[in-house]
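**Q** Input structure: data-v4.txt, which contains compact mmCIF, C-alpha atoms.
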# COMPACT_ATOMS: atom_id res chain seq x y z
CA MET T 256 2.77 15.11 -20.17
CA GLY T 257 0.20 13.54 -22.50
CA ARG T 258 -0.93 9.96 -22.52
CA ARG T 259 1.39 7.55 -24.34
CA ARG T 260 -0.09 5.79 -27.33
CA ARG T 261 -0.74 2.10 -26.88
CA SER T 262 0.97 -0.06 -29.46
CA THR T 263 -0.60 -3.40 -30.32
CA ALA T 264 1.30 -6.26 -31.87
CA LYS T 265 -0.24 -9.33 -33.46
CA GLY T 266 -1.47 -11.68 -30.76
CA GLU T 267 -1.01 -9.06 -28.04
CA LYS T 268 -3.51 -9.16 -25.17
CA TRP T 269 -4.26 -6.24 -22.86
CA ILE T 270 -5.90 -5.75 -19.50
CA LYS T 271 -6.08 -2.04 -18.67
CA HIS T 272 -2.43 -0.81 -18.62
CA TYR T 273 -0.79 -4.22 -19.03
CA SER T 274 0.04 -6.43 -21.98
CA ASN T 275 1.27 -9.99 -22.35
CA VAL T 276 4.33 -8.64 -24.18
CA HIS T 277 5.37 -6.57 -21.17
CA LYS T 278 7.85 -8.03 -18.73
CA ILE T 279 5.97 -7.26 -15.51
CA LEU T 280 7.23 -7.12 -11.93
CA LEU T 281 4.53 -7.05 -9.25
CA VAL T 282 5.64 -5.87 -5.82
CA GLY T 283 3.85 -6.36 -2.50
CA GLU T 284 1.28 -8.87 -3.65
CA GLY T 285 -1.20 -9.87 -0.93
CA ASP T 286 -3.14 -12.98 -1.90
CA PHE T 287 -1.67 -12.85 -5.43
CA SER T 288 -5.10 -12.19 -6.93
CA PHE T 289 -3.84 -9.21 -8.96
CA ALA T 290 -1.19 -11.40 -10.59
CA ALA T 291 -3.85 -14.05 -11.21
CA SER T 292 -6.15 -11.47 -12.83
CA LEU T 293 -3.43 -10.44 -15.28
CA ALA T 294 -2.52 -14.05 -15.99
CA ASN T 295 -6.12 -14.99 -16.74
CA ALA T 296 -6.45 -12.04 -19.11
CA PHE T 297 -3.25 -13.01 -20.95
CA GLY T 298 -3.88 -16.76 -20.90
CA SER T 299 -0.37 -17.11 -19.49
CA ALA T 300 1.78 -15.76 -16.67
CA SER T 301 5.16 -16.38 -18.28
CA ASN T 302 5.78 -12.62 -18.55
CA ILE T 303 5.01 -11.98 -14.85
CA LEU T 304 7.27 -12.01 -11.82
CA ALA T 305 5.09 -11.66 -8.71
CA THR T 306 6.55 -11.01 -5.26
CA SER T 307 5.46 -10.73 -1.64
CA LEU T 308 7.14 -9.36 1.44
CA ASP T 309 5.88 -12.35 3.44
CA SER T 310 7.15 -15.92 3.15
CA GLN T 311 4.96 -18.41 1.31
CA VAL T 312 3.88 -19.91 4.63
CA GLU T 313 2.86 -16.49 5.94
CA VAL T 314 1.01 -15.65 2.74
CA GLU T 315 -1.00 -18.86 2.86
CA GLU T 316 -1.76 -18.38 6.57
CA LYS T 317 -3.00 -14.81 6.04
CA TYR T 318 -5.06 -15.21 2.88
CA SER T 319 -7.64 -17.92 2.23
CA LYS T 320 -7.28 -17.81 -1.59
CA ALA T 321 -3.50 -17.48 -1.71
CA GLU T 322 -2.69 -21.18 -2.00
CA THR T 323 -5.08 -21.55 -4.94
CA ASN T 324 -3.82 -18.40 -6.64
CA LEU T 325 -0.19 -19.46 -6.26
CA LYS T 326 -0.91 -22.90 -7.67
CA VAL T 327 -2.70 -21.46 -10.71
CA LEU T 328 0.06 -18.91 -11.31
CA LYS T 329 2.77 -21.57 -11.19
CA GLU T 330 0.82 -23.73 -13.65
CA MET T 331 0.59 -20.71 -15.97
CA GLY T 332 4.33 -20.08 -15.88
CA CYS T 333 4.57 -17.22 -13.38
CA THR T 334 7.83 -16.65 -11.54
CA ILE T 335 7.03 -16.22 -7.84
CA MET T 336 9.35 -14.91 -5.14
CA HIS T 337 8.64 -14.40 -1.45
CA LYS T 338 10.36 -12.31 1.23
CA VAL T 339 11.14 -9.55 -1.29
CA ASP T 340 11.43 -6.11 0.32
CA ALA T 341 10.51 -3.29 -2.07
CA ARG T 342 13.08 -1.06 -0.36
CA ASN T 343 16.08 -3.19 -1.35
CA MET T 344 14.82 -5.44 -4.16
CA SER T 345 17.44 -4.18 -6.63
CA CYS T 346 20.02 -5.98 -4.46
CA ASN T 347 18.19 -9.30 -4.89
CA LEU T 348 20.30 -11.00 -7.57
CA LYS T 349 17.75 -13.76 -8.18
CA LEU T 350 15.14 -11.12 -8.93
CA VAL T 351 17.34 -8.73 -10.89
CA LYS T 352 18.44 -11.41 -13.35
CA HIS T 353 14.87 -11.51 -14.69
CA GLY T 354 14.96 -7.79 -15.57
CA PRO T 355 14.94 -5.18 -16.80
CA PHE T 356 11.16 -4.83 -16.53
CA ASP T 357 8.70 -2.95 -18.73
CA ARG T 358 6.22 -2.46 -15.89
CA ILE T 359 7.00 -2.40 -12.17
CA VAL T 360 3.78 -2.26 -10.16
CA PHE T 361 3.07 -1.61 -6.48
CA ASN T 362 -0.63 -1.52 -5.63
CA PHE T 363 -1.58 0.32 -2.44
CA PRO T 364 1.83 0.52 -0.75
CA HIS T 365 1.34 0.77 2.98
CA ALA T 366 3.79 0.46 5.84
CA PRO T 367 2.67 -1.23 9.09
CA ILE T 368 0.85 1.09 11.44
CA LYS T 369 0.86 0.83 15.23
CA ASP T 370 -2.46 0.85 17.05
CA TRP T 371 -1.62 4.05 18.92
CA ILE T 372 -0.54 6.02 15.85
CA MET T 373 -3.20 7.55 13.61
CA GLU T 374 -3.05 7.21 9.83
CA HIS T 375 -3.03 10.99 9.40
CA SER T 376 -0.17 11.61 11.83
CA LEU T 377 2.99 13.13 10.39
CA THR T 378 5.00 10.30 11.94
CA GLN T 379 3.04 7.64 10.08
CA ILE T 380 2.98 9.60 6.82
CA ARG T 381 6.77 9.80 6.91
CA VAL T 382 6.96 6.02 7.40
CA HIS T 383 4.78 5.54 4.32
CA GLN T 384 6.88 8.01 2.34
CA LYS T 385 10.04 6.13 3.28
CA LEU T 386 8.53 2.94 1.89
CA VAL T 387 7.47 4.59 -1.38
CA ARG T 388 10.83 6.32 -1.77
CA GLY T 389 12.70 3.07 -1.22
CA PHE T 390 10.51 1.28 -3.75
CA MET T 391 10.97 3.97 -6.39
CA LYS T 392 14.74 4.12 -5.94
CA ASN T 393 14.97 0.39 -6.45
CA ALA T 394 12.47 0.31 -9.31
CA LEU T 395 14.55 2.95 -11.08
CA GLU T 396 17.47 0.52 -11.17
CA MET T 397 15.39 -2.30 -12.65
CA LEU T 398 13.31 -0.47 -15.25
CA SER T 399 13.59 -0.91 -19.00
CA ILE T 400 15.13 2.19 -20.56
CA GLU T 401 12.86 1.98 -23.60
CA GLY T 402 9.22 2.46 -22.63
CA GLY T 403 9.52 1.19 -19.06
CA GLU T 404 7.03 2.46 -16.48
CA VAL T 405 6.66 2.37 -12.71
CA HIS T 406 3.05 2.21 -11.53
CA VAL T 407 1.81 3.02 -8.03
CA THR T 408 -1.89 2.63 -7.30
CA HIS T 409 -2.74 4.89 -4.39
CA LYS T 410 -5.69 6.45 -2.60
CA THR T 411 -6.13 10.13 -3.44
CA THR T 412 -8.22 11.22 -0.46
CA TYR T 413 -6.90 12.62 2.83
CA PRO T 414 -4.57 11.66 4.46
CA PHE T 415 -3.12 9.58 1.60
CA CYS T 416 -2.89 12.61 -0.67
CA GLU T 417 -0.38 14.01 1.84
CA TRP T 418 2.20 11.36 0.93
CA GLY T 419 3.28 13.34 -2.13
CA ILE T 420 4.23 10.39 -4.32
CA GLU T 421 4.72 12.58 -7.40
CA THR T 422 7.25 14.68 -5.49
CA ILE T 423 9.00 11.56 -4.22
CA ALA T 424 9.24 10.20 -7.77
CA GLU T 425 10.78 13.46 -8.99
CA GLU T 426 13.31 13.42 -6.15
CA VAL T 427 14.55 9.93 -7.08
CA GLY T 428 14.74 10.69 -10.80
CA LEU T 429 11.44 9.42 -12.21
CA LEU T 430 9.30 11.46 -14.60
CA PHE T 431 5.54 11.69 -13.98
CA ILE T 432 3.55 10.50 -17.02
CA GLU T 433 -0.09 10.49 -15.99
CA GLU T 434 -2.67 9.73 -13.33
CA ASP T 435 -5.41 7.29 -14.30
CA MET T 436 -8.47 6.61 -12.14
CA PHE T 437 -8.33 3.12 -10.65
CA ASP T 438 -11.30 0.76 -10.60
CA LYS T 439 -10.58 -2.70 -9.22
CA TRP T 440 -13.45 -4.09 -11.31
CA ASP T 441 -11.18 -3.59 -14.33
CA TYR T 442 -9.25 -6.56 -12.93
CA PRO T 443 -11.68 -9.49 -12.57
CA GLY T 444 -10.86 -11.65 -9.57
CA TYR T 445 -8.63 -9.06 -7.90
CA HIS T 446 -9.18 -8.58 -4.18
CA ASN T 447 -7.21 -5.87 -2.40
CA ARG T 448 -5.89 -7.13 0.93
CA ARG T 449 -4.11 -5.73 3.98
CA GLY T 450 -0.50 -6.73 4.48
CA TYR T 451 -0.62 -6.75 8.26
CA LEU T 452 -3.03 -7.08 11.23
CA TYR T 453 -3.40 -10.82 11.63
CA GLY T 454 -7.02 -11.88 11.61
CA LYS T 455 -7.98 -8.93 9.39
CA CYS T 456 -5.66 -9.42 6.42
CA ASP T 457 -8.13 -11.55 4.47
CA VAL T 458 -10.72 -8.77 4.30
CA SER T 459 -10.74 -6.15 1.54
CA PHE T 460 -10.24 -2.57 2.72
CA LEU T 461 -12.31 0.28 1.33
CA VAL T 462 -10.61 1.48 -1.82
CA GLY T 463 -12.54 4.71 -2.25
CA GLU T 464 -11.12 7.30 -4.63
CA CYS T 465 -7.76 6.18 -5.96
CA SER T 466 -5.59 6.35 -9.05
CA THR T 467 -2.76 4.56 -10.77
CA PHE T 468 0.16 6.97 -11.02
CA LYS T 469 2.59 6.25 -13.85
CA PHE T 470 6.26 7.23 -13.95
CA ALA T 471 9.13 6.66 -16.37
CA LEU T 472 12.82 7.43 -16.79
Mind turning this structure into structure tokens?

**A**
Amino acid sequence: MGRRRRSTAKGEKWIKHYSNVHKILLVGEGDFSFAASLANAFGSASNILATSLDSQVEVEEKYSKAETNLKVLKEMGCTIMHKVDARNMSCNLKLVKHGPFDRIVFNFPHAPIKDWIMEHSLTQIRVHQKLVRGFMKNALEMLSIEGGEVHVTHKTTYPFCEWGIETIAEEVGLLFIEEDMFDKWDYPGYHNRRGYLYGKCDVSFLVGECSTFKFAL
């Protein structure tokens, strides 16, 4: 399917795929620097709901810039929720009441991996697929019918290309729109972070070749 045309209203501000007129749900934030990047581009975060799987205490323990990012986001009007699991978020009434959302975004979804299991093992790939499937099923329930999109930013090299996120999306009822090459430098101030491995979470992992995959109803 071809690229959707970008509509621009008076006073509308864009950063890559996202506008200040979109109601945006961010899932699986690490140090909340992606949310902060969008907020700084918009001059406000009132249209953003940013979530983490960890508690606020855990987030601030893991990531050195998290406390600052959270403070700035709150001052800019962002709604922040912690301990939100992407696999059952549509059951979170406090979250759902803010929807439906025009953009639901999960950057680099990744399930925890045990030291003795390799990233390319079928067992670990299935765990990752289960996470992505759960996220997409829940996002489907919270997406705006008119123009809503689910975005997953994901590595495209082996073994990540084996996850089959386009197939998973089709299975849950989402329509593939397009794949757009991802460059984190398009989001000033964004630092990709690990969600696990204490002591190593506050270090950026190698992004390499990756894309933002877009889906809709």

**Q** For CA of Leu293 in chain T and CA of Glu434 in chain T, quote the distance in Å rounded to one decimal.

**A**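 Taking CA of Leu293 in chain T and CA of Glu434 in chain T, their separation equals 20.3 Å.
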
**Q** Within 8 Å of (-10.1, -6.1, -16.7) (coordinates as in the file), grab all the protein and nucleic acid residues, counting all atoms listed in the file, and write them out as a PyMOL selection string.

**A** chain T and resi 270-271+292+296+440-443

**Q** Provide the CA of Ser288 in chain T to CA of Ala321 in chain T distance in Å, to one decimal place.

**A**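 Going from CA of Ser288 in chain T over to CA of Ala321 in chain T covers 7.6 Å.
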
**Q** Show me, as CSV, the residues of range 290-371 of chain T having an atom within 10 Å of range 275-279 of chain T, each with the closest atom pair and its distance in Å, using only C-alpha atoms.

**A**
residue,atom,partner,partner_atom,distance
T:Ala290,CA,T:Ile279,CA,9.6
T:Leu293,CA,T:Asn275,CA,8.5
T:Ala294,CA,T:Asn275,CA,8.4
T:Ala296,CA,T:Asn275,CA,8.6
T:Phe297,CA,T:Asn275,CA,5.6
T:Gly298,CA,T:Asn275,CA,8.6
T:Ser299,CA,T:Asn275,CA,7.8
T:Ala300,CA,T:Asn275,CA,8.1
T:Ser301,CA,T:Asn275,CA,8.5
T:Asn302,CA,T:Lys278,CA,5.0
T:Ile303,CA,T:Ile279,CA,4.9
T:Leu304,CA,T:Ile279,CA,6.2
T:Ala305,CA,T:Ile279,CA,8.1
T:His353,CA,T:Lys278,CA,8.8
T:Gly354,CA,T:Lys278,CA,7.8
T:Pro355,CA,T:Lys278,CA,7.9
T:Phe356,CA,T:Lys278,CA,5.1
T:Asp357,CA,T:Lys278,CA,5.2
T:Arg358,CA,T:Ile279,CA,4.8
T:Ile359,CA,T:Ile279,CA,6.0
T:Val360,CA,T:Ile279,CA,7.6

**Q** Of the candidates T:Val314, T:Leu280, T:Val382, T:Leu472, which one gets nearest to Arg448 in chain T if we count only C-alpha atoms?

**A**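 Going through T:Val314, T:Leu280, T:Val382, T:Leu472 one by one, the smallest distance to Arg448 in chain T is for T:Val314.
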
**Q** Compile a residue-level contact table for range 301-342 of chain T against range 383-398 of chain T at a cut-off of 10 Å, reporting for every qualifying residue the shortest atom pair and its distance in Å to one decimal, with all atoms listed in the file counted, rows ordered by chain and ascending number, as CSV.

**A**
residue,atom,partner,partner_atom,distance
T:Asp340,CA,T:Phe390,CA,8.5
T:Ala341,CA,T:Phe390,CA,4.9
T:Arg342,CA,T:Gly389,CA,4.2

**Q** Pull C-alpha atoms from the residues just selected and write them as an mmCIF file, in the frame of the given file.

**A**
data_model
loop_
_atom_site.group_PDB
_atom_site.id
_atom_site.type_symbol
_atom_site.label_atom_id
_atom_site.label_comp_id
_atom_site.auth_asym_id
_atom_site.auth_seq_id
_atom_site.Cartn_x
_atom_site.Cartn_y
_atom_site.Cartn_z
ATOM 1 C CA ASP T 340 11.430 -6.110 0.320
ATOM 2 C CA ALA T 341 10.510 -3.290 -2.070
ATOM 3 C CA ARG T 342 13.080 -1.060 -0.360
#

**Q** Would you mind reading off the distance between CA of Phe415 in chain T and CA of Glu284 in chain T, one decimal, in Å?

**A**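 Answer for the CA of Phe415 in chain T to CA of Glu284 in chain T separation: 19.7 Å.
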